[in-house]
Amino acid sequence: MTRLIVFSVVAGIVLGYGTRDALNPEVLESLVVIALAVLCFGIGLDLGQSGNLLGQLKEAGSLSLLLPLVTAVSSIVATGIAGSLVGLTAGSGAAVGAGFGWYSLSAVLLTQLQGPELGTIAFITNVTRELLAVVLAPFIARWSGGPAVIAAAGATSMDVALPVIIRVAGNQAALLAFLHGVILSLLVPLLVPLLAGL
Amino acid sequence: MYYLLGLSLGLALGWFVALPPAALRANTALIRYSLGFLLVVMGMRIGSDPRILQQLGTLGATSFALAVAGLTGSTVAGHLAARTLESWKARRAPR
């Protein structure tokens, strides 16, 4: 997955730089909208196939609802504060943080809503968050345990970071991690535009 | 708004229709390739915008600060939430 991310972005930048005089921004915009709709359809299908989500939520106990809420609020507050310290508005920082590691969707949404600069920040921020969450997972697990590792991974706890979470926090963390990722993934398309408008 | 339509359609289809393994494998490939395509197009937008390339150093530092803030905030909050819930459950447990 990491190789796919790096290769695709670098290839795109090189291609875009090489063809910058011939590129039509409106065509690129349409391609993004189409690719994003197709990607969201696939992700929705994946989520829907995961079975009885409400039943699984009940089974995982109160932490399954509390943890995504805590992750969402703390990420938004922390990036809102950090955003205002590095020269962005608190709302823009919070909107970037509300991507919870889902770099493709948050970057595209913020590019459309606030322009390519904040879209690029959202992209780099959320890719970096995903990479740091995976790399630091063993250390966080040793310091605290499964819930902190899952919270660190944000929305990626249901896919990219899930194998690492299971490895460092055990099989019992799998369901909680998956549900955490599902709930945060559903919140991203709602919270990013909401916070970007502040 | 098309992405919300895509997400809703996918959720509804996945929820109500049990798909065969071949369709699920095809969906995994669809996600992978559409993600790759999306990232290439996003890269093209960055590469073709001279303002972004000039600011990449500054944007990178800002992005790193935001990533560390989000990760640290949620890790500490997740740790505290789990500990609080554990002690609350321990207090409520019958002696």
# chains A, B, ... in the order shown; residues from 1 in each chain; ligands from 1

$ residues_around --residues "Gly14 of chain B" --least-positions-apart "3" --cutoff "12 Å" --atoms "only C-alpha atoms" --output "list of chain:residue names"
A:Phe41, A:Gly42, A:Ile43, A:Gly44, A:Leu45, A:Asp46, A:Leu47, A:Gly48, A:Gln49, A:Ser50, A:Gly51, A:Asn52, A:Leu53, B:Gly6, B:Leu7, B:Ser8, B:Leu9, B:Gly10, B:Leu11, B:Val17, B:Ala18, B:Leu19, B:Pro20, B:Ala23, B:Leu24, B:Asn27

$ closest_atom_pairs --of "chain B" --to "chain A" --cutoff "6 Å" --atoms "only C-alpha atoms" --output "Markdown table"
| residue | atom | partner | partner_atom | distance |
| --- | --- | --- | --- | --- |
| B:Tyr2 | CA | A:Ala37 | CA | 5.6 |
| B:Tyr3 | CA | A:Ala37 | CA | 4.1 |
| B:Gly6 | CA | A:Phe41 | CA | 4.2 |
| B:Leu7 | CA | A:Cys40 | CA | 4.6 |
| B:Gly10 | CA | A:Leu45 | CA | 4.1 |
| B:Leu11 | CA | A:Gly44 | CA | 4.2 |
| B:Gly14 | CA | A:Gly48 | CA | 4.0 |
| B:Trp15 | CA | A:Gly48 | CA | 4.2 |
| B:Asn27 | CA | A:Gly42 | CA | 5.9 |
| B:Ile31 | CA | A:Leu39 | CA | 5.4 |
| B:Ser34 | CA | A:Leu39 | CA | 5.6 |
| B:Gly36 | CA | A:Ser8 | CA | 5.8 |
| B:Leu38 | CA | A:Ala35 | CA | 5.7 |
| B:Leu39 | CA | A:Val9 | CA | 5.4 |
| B:Val40 | CA | A:Gly12 | CA | 4.1 |
| B:Val41 | CA | A:Gly12 | CA | 5.9 |
| B:Gly43 | CA | A:Gly12 | CA | 4.0 |
| B:Met44 | CA | A:Gly16 | CA | 3.8 |
| B:Ile46 | CA | A:Ile13 | CA | 6.0 |
| B:Gly47 | CA | A:Ile13 | CA | 4.1 |
| B:Ser48 | CA | A:Arg20 | CA | 4.5 |
| B:Leu59 | CA | A:Ile121 | CA | 5.9 |
| B:Ser63 | CA | A:Thr125 | CA | 4.4 |
| B:Phe64 | CA | A:Thr125 | CA | 5.9 |
| B:Leu66 | CA | A:Thr79 | CA | 5.4 |
| B:Ala67 | CA | A:Thr125 | CA | 4.9 |
| B:Ala69 | CA | A:Ala78 | CA | 5.5 |
| B:Gly70 | CA | A:Ser75 | CA | 4.5 |
| B:Leu71 | CA | A:Ala152 | CA | 5.2 |
| B:Gly73 | CA | A:Ser74 | CA | 5.3 |
| B:Ser74 | CA | A:Thr71 | CA | 4.9 |
| B:Thr75 | CA | A:Ala148 | CA | 4.8 |
| B:Gly78 | CA | A:Ala148 | CA | 4.7 |
| B:His79 | CA | A:Ala148 | CA | 4.9 |

$ residues_around --residues "Arg167 of chain A" --least-positions-apart "6" --cutoff "10 Å" --atoms "only C-alpha atoms" --output "PyMOL selection string"
chain A and resi 137-138+173-174

$ write_last_selection --atoms "all heavy atoms" --output "compact mmCIF listing (two decimals), in the first residue's frame"
# COMPACT_ATOMS: atom_id res chain seq x y z
N ALA A 137 3.18 2.09 16.12
CA ALA A 137 2.22 1.19 16.78
C ALA A 137 2.86 0.31 17.86
O ALA A 137 2.30 0.20 18.96
CB ALA A 137 1.51 0.34 15.73
N PRO A 138 4.02 -0.33 17.62
CA PRO A 138 4.60 -1.17 18.68
C PRO A 138 4.93 -0.38 19.95
O PRO A 138 4.74 -0.88 21.06
CB PRO A 138 5.88 -1.72 18.03
CG PRO A 138 5.68 -1.56 16.57
CD PRO A 138 4.82 -0.36 16.38
N ALA A 173 -8.26 -7.09 19.54
CA ALA A 173 -8.37 -5.68 19.13
C ALA A 173 -8.97 -5.53 17.73
O ALA A 173 -9.33 -4.42 17.34
CB ALA A 173 -7.00 -5.02 19.17
N ALA A 174 -9.11 -6.64 17.00
CA ALA A 174 -9.50 -6.55 15.59
C ALA A 174 -10.89 -5.94 15.39
O ALA A 174 -11.06 -5.01 14.60
CB ALA A 174 -9.45 -7.93 14.95

$ closest_residue --among "A:Leu194, A:Ala177, A:Val182, A:Val168" --to "Trp102 of chain A" --atoms "only C-alpha atoms"
A:Val182

$ closest_residue --among "A:Gly91, A:Gly197, A:Gly181, A:Gly61" --to "Ile165 of chain A" --atoms "only C-alpha atoms"
A:Gly181

$ atom_distance --atom1 "atom CA of Gln114 of chain A" --atom2 "atom CA of Phe37 of chain B"
22.2 Å

$ select_by_dssp --residues "segment 32-112 of chain A" --states "alpha helix (DSSP H)" --output "number ranges by chain"
A: 32-49, 53-60, 63-85, 90-97, 103-112
